[in-house]
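As provided, run-v7.cif (mmCIF, C-alpha atoms) reads as follows.
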```cif
data_upload
loop_
_atom_site.label_atom_id
_atom_site.label_comp_id
_atom_site.auth_asym_id
_atom_site.auth_seq_id
_atom_site.Cartn_x
_atom_site.Cartn_y
_atom_site.Cartn_z
CA MET A 1 38.36 9.16 -13.24
CA LYS A 2 38.46 12.77 -12.28
CA ARG A 3 41.02 15.33 -11.35
CA GLN A 4 40.34 17.63 -8.44
CA GLN A 5 42.59 20.10 -6.67
CA GLN A 6 43.29 19.06 -3.09
CA ALA A 7 44.31 21.26 -0.21
CA ASN A 8 47.91 20.35 -0.96
CA ASN A 9 47.44 21.36 -4.65
CA LYS A 10 48.02 17.79 -5.82
CA PRO A 11 45.51 16.90 -8.56
CA ARG A 12 43.15 14.07 -7.73
CA PHE A 13 41.50 11.63 -10.13
CA THR A 14 38.30 9.80 -9.40
CA SER A 15 36.72 6.83 -11.08
CA ARG A 16 33.41 5.25 -10.28
CA GLY A 17 33.35 1.65 -9.19
CA SER A 18 32.67 -0.78 -11.99
CA ARG A 19 30.87 -4.03 -11.57
CA HIS A 20 32.59 -5.23 -14.75
CA THR A 21 36.21 -5.22 -13.60
CA GLU A 22 38.01 -8.53 -13.68
CA SER A 23 38.40 -8.38 -9.92
CA VAL A 24 34.63 -8.67 -9.66
CA HIS A 25 33.85 -10.89 -12.63
CA PRO A 26 36.96 -12.95 -13.40
CA ARG A 27 35.17 -14.77 -16.23
CA VAL A 28 34.96 -11.59 -18.30
CA GLN A 29 37.62 -12.10 -20.97
CA SER A 30 37.01 -8.95 -23.00
CA PRO A 31 40.21 -6.93 -23.62
CA ARG A 32 38.19 -3.83 -22.75
CA TYR A 33 37.53 -5.09 -19.24
CA ALA A 34 41.10 -6.27 -18.88
CA LEU A 35 42.16 -2.70 -19.66
CA ARG A 36 39.60 -1.34 -17.19
CA ALA A 37 40.91 -3.68 -14.50
CA ALA A 38 44.52 -2.69 -15.24
CA VAL A 39 43.69 1.02 -15.10
CA LEU A 40 41.87 0.58 -11.79
CA SER A 41 44.69 -1.44 -10.24
CA GLN A 42 47.02 -0.33 -7.47
CA PRO A 43 50.07 -0.24 -9.81
CA SER A 44 48.17 2.14 -12.09
CA PHE A 45 47.21 4.34 -9.14
CA ALA A 46 50.85 4.35 -8.03
CA ALA A 47 51.99 5.40 -11.53
CA LEU A 48 49.46 8.25 -11.59
CA SER A 49 50.54 9.30 -8.12
CA ALA A 50 54.20 9.26 -9.17
CA VAL A 51 53.46 11.99 -11.73
CA GLY A 52 51.73 14.11 -9.10
CA LEU A 53 48.14 12.93 -9.53
CA ARG A 54 45.90 11.66 -6.76
CA VAL A 55 43.44 8.87 -7.38
CA PHE A 56 40.20 8.31 -5.56
CA PHE A 57 38.37 5.07 -6.28
CA ARG A 58 35.84 3.52 -3.97
CA GLY A 59 36.60 0.10 -5.40
CA PRO A 60 34.31 -2.64 -6.65
CA ASP A 61 33.64 -3.89 -3.12
CA ALA A 62 32.83 -0.49 -1.63
CA ARG A 63 29.21 0.38 -1.02
CA PRO A 64 27.53 2.16 -2.58
CA HIS A 65 29.11 1.68 -6.02
CA ALA A 66 27.63 4.90 -7.34
CA LEU A 67 27.69 8.37 -5.92
CA HIS A 68 24.38 9.86 -4.83
CA LEU A 69 23.04 12.31 -7.42
CA GLN A 70 24.11 15.53 -5.69
CA GLU A 71 27.53 14.11 -4.85
CA TYR A 72 27.92 12.90 -8.44
CA VAL A 73 26.97 16.28 -9.93
CA LYS A 74 29.32 18.11 -7.55
CA THR A 75 32.10 15.65 -8.36
CA LEU A 76 31.59 16.06 -12.10
CA ALA A 77 31.43 19.85 -11.77
CA THR A 78 34.79 19.94 -9.98
CA THR A 79 36.54 17.45 -12.21
CA LYS A 80 39.24 18.17 -14.74
CA MET A 81 39.68 14.62 -16.10
CA TRP A 82 37.37 11.61 -15.97
CA LEU A 83 38.14 8.03 -16.88
CA SER A 84 35.51 5.91 -18.56
CA THR A 85 35.58 2.83 -20.72
CA SER A 86 33.07 1.60 -23.27
CA GLU A 87 30.55 -1.01 -22.26
CA GLU A 88 29.87 -4.50 -23.49
CA GLY A 89 28.58 -4.50 -27.06
CA ASP A 90 30.80 -1.56 -28.04
CA THR A 91 28.51 1.03 -26.55
CA ALA A 92 29.18 4.23 -24.67
CA GLY A 93 27.38 4.43 -21.34
CA THR A 94 25.36 7.40 -20.15
CA ARG A 95 28.34 8.62 -18.15
CA THR A 96 30.12 9.34 -21.47
CA TYR A 97 27.41 11.82 -22.44
CA GLU A 98 27.31 13.36 -18.96
CA VAL A 99 31.06 14.00 -19.04
CA LEU A 100 30.89 15.42 -22.57
CA VAL A 101 28.12 17.87 -21.72
CA SER A 102 29.65 18.88 -18.37
CA GLY A 103 31.93 21.49 -19.90
CA ARG A 104 34.36 20.70 -17.06
CA ALA A 105 35.91 17.26 -17.43
CA LEU A 106 38.20 15.90 -20.10
CA LEU A 107 37.00 12.42 -21.02
CA LEU A 108 39.82 9.85 -20.99
CA CYS A 109 38.50 6.63 -22.53
CA ASP A 110 39.56 3.38 -24.09
CA ARG A 111 40.37 3.51 -27.79
CA ASN A 112 37.24 1.82 -29.18
CA PRO A 113 36.18 3.18 -32.59
CA ALA A 114 33.12 0.91 -32.69
CA ALA A 115 31.74 2.62 -29.59
CA TYR A 116 32.80 6.23 -30.12
CA ALA A 117 33.07 6.91 -33.88
CA PRO A 118 29.30 6.56 -34.54
CA LEU A 119 28.76 9.21 -31.88
CA GLY A 120 31.14 11.62 -33.60
CA ILE A 121 33.66 11.48 -30.76
CA VAL A 122 37.11 12.10 -32.21
CA ASP A 123 40.34 11.38 -30.34
CA GLY A 124 42.09 14.62 -29.41
CA LYS A 125 39.08 16.74 -30.39
CA HIS A 126 36.25 15.61 -28.07
CA ALA A 127 38.01 13.10 -25.80
CA VAL A 128 41.41 11.49 -25.34
CA PHE A 129 41.76 7.78 -26.07
CA PHE A 130 44.27 5.32 -24.64
CA ASN A 131 45.16 1.64 -25.07
CA THR A 132 47.36 1.00 -22.04
CA THR A 133 47.84 2.16 -18.49
CA GLU A 134 51.18 3.66 -19.52
CA GLU A 135 49.50 5.69 -22.24
CA LEU A 136 46.83 6.84 -19.77
CA VAL A 137 49.48 8.03 -17.32
CA ARG A 138 51.38 9.84 -20.09
CA LEU A 139 48.21 11.55 -21.34
CA ALA A 140 47.02 12.46 -17.85
CA ARG A 141 50.38 14.08 -17.16
CA PHE A 142 50.32 15.93 -20.49
CA TYR A 143 46.83 17.38 -20.02
CA SER A 144 47.48 18.28 -16.39
CA GLU A 145 50.41 20.37 -17.67
CA HIS A 146 48.56 21.84 -20.71
CA GLU A 147 45.37 23.35 -19.34
CA GLY A 148 44.59 25.31 -22.52
CA ARG A 149 44.60 22.15 -24.65
CA ARG A 150 42.48 20.32 -22.08
CA LYS A 151 39.95 23.14 -22.04
CA ARG A 152 39.72 23.20 -25.87
CA ILE A 153 38.87 19.50 -25.96
CA VAL A 154 36.34 19.93 -23.14
CA GLU A 155 34.63 22.78 -25.01
CA ASN A 156 34.57 20.79 -28.27
CA ALA A 157 33.05 17.86 -26.37
CA ARG A 158 30.36 20.07 -24.86
CA GLN A 159 29.45 21.50 -28.25
CA LEU A 160 29.23 17.98 -29.72
CA ALA A 161 26.97 16.87 -26.87
CA LEU A 162 24.72 19.92 -27.17
CA THR A 163 24.31 19.55 -30.93
CA ARG A 164 24.03 15.74 -31.19
CA HIS A 165 23.46 14.04 -27.87
CA LEU A 166 20.61 15.60 -25.90
CA TRP A 167 17.42 13.71 -25.06
CA LYS A 168 15.58 15.61 -27.79
CA HIS A 169 18.01 14.11 -30.33
CA ARG A 170 17.35 10.61 -28.97
CA ALA A 171 13.59 11.20 -29.17
CA VAL A 172 13.86 12.10 -32.87
CA GLN A 173 16.04 9.04 -33.51
CA MET A 174 13.57 6.78 -31.70
CA GLN A 175 10.65 8.26 -33.63
CA GLN A 176 12.46 7.62 -36.92
CA ILE A 177 13.21 4.01 -35.96
CA VAL A 178 9.62 3.35 -34.89
CA GLN A 179 8.24 4.84 -38.12
CA THR A 180 10.34 2.45 -40.22
CA MET A 181 8.87 -0.62 -38.48
#
```
Show the structure stored in the file as structure tokens.
Amino acid sequence: MKRQQQANNKPRFTSRGSRHTESVHPRVQSPRYALRAAVLSQPSFAALSAVGLRVFFRGPDARPHALHLQEYVKTLATTKMWLSTSEEGDTAGTRTYEVLVSGRALLLCDRNPAAYAPLGIVDGKHAVFFNTTEELVRLARFYSEHEGRRKRIVENARQLALTRHLWKHRAVQMQQIVQTM
């Protein structure tokens, strides 16, 4: 989810389409995906809009699901807030790292310590966690009204990504794992 200034000065949020939402895979019973589906629902969009935020979401049926690389980079570079949820198996997807390193977007994500704590991501320091759509709306409103606080978290997130989550860090980790086998 991202926030972008529109011509009418109304912030806009964007979220990428997810092939894991309950509207696409109704058999997925994970609470995480139930939360993702709730956040990406029309009532959630209406609640965000009611506090002055615009939402752009292509939807799970829209093609293509993902933005083309240049469009994605431009979108991330002009974003103030981005919604993401952890993936199956309590993992953070690559988008999490991209948002952290962007230096532009505040990461709003599901409260999942199993996914984020091992990465050093701390709620309120590197990202902002939520459990419900209502909490997401409240936090989005708060950070849209407190730009200085949003920017501090974004800078902390960027520093965390640069010191712990670049490809060179993954290469060292992989080398260490392989050497123990």
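Pairwise distance (CA of Ala37 in chain A, CA of Thr96 in chain A) equals 18.3 Å.
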(request) Determine the residue membership of the PyMOL selection byres ((chain A and resi 109) around 12) for the file above and supply it as a PyMOL selection string. (result) chain A and resi 1-2+15+32+35-36+39+81-87+92-93+95-96+99-100+106-108+110-113+115-116+121-124+126-133+135-136+139-140
(request) May I ask for the distance between CA of Arg104 in chain A and CA of Tyr143 in chain A, given in Å to one decimal place? (result) 13.2 Å
(message) Can you measure CA of His169 in chain A to CA of Gly103 in chain A for me? One decimal in Å is fine.
(response)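 These two atoms are separated by 18.9 Å.
Restricting the calculation to only C-alpha atoms, the smallest distance between Thr94 in chain A and any of A:Ala46, A:Met174, A:Val51, A:Leu166 is found for A:Leu166.
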(request) Counting all atoms listed in the file, figure out which residue out of A:Tyr72, A:Tyr97, A:Trp167, A:Tyr33 gets nearest to Gly120 in chain A. (result)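 The closest residue to Gly120 in chain A is A:Tyr97.
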(request) Could you list the residues chosen by the PyMOL selection byres ((chain A and resi 160) around 9) in this structure as a PyMOL selection string? (result) chain A and resi 100-101+120-121+126+155-159+161-165
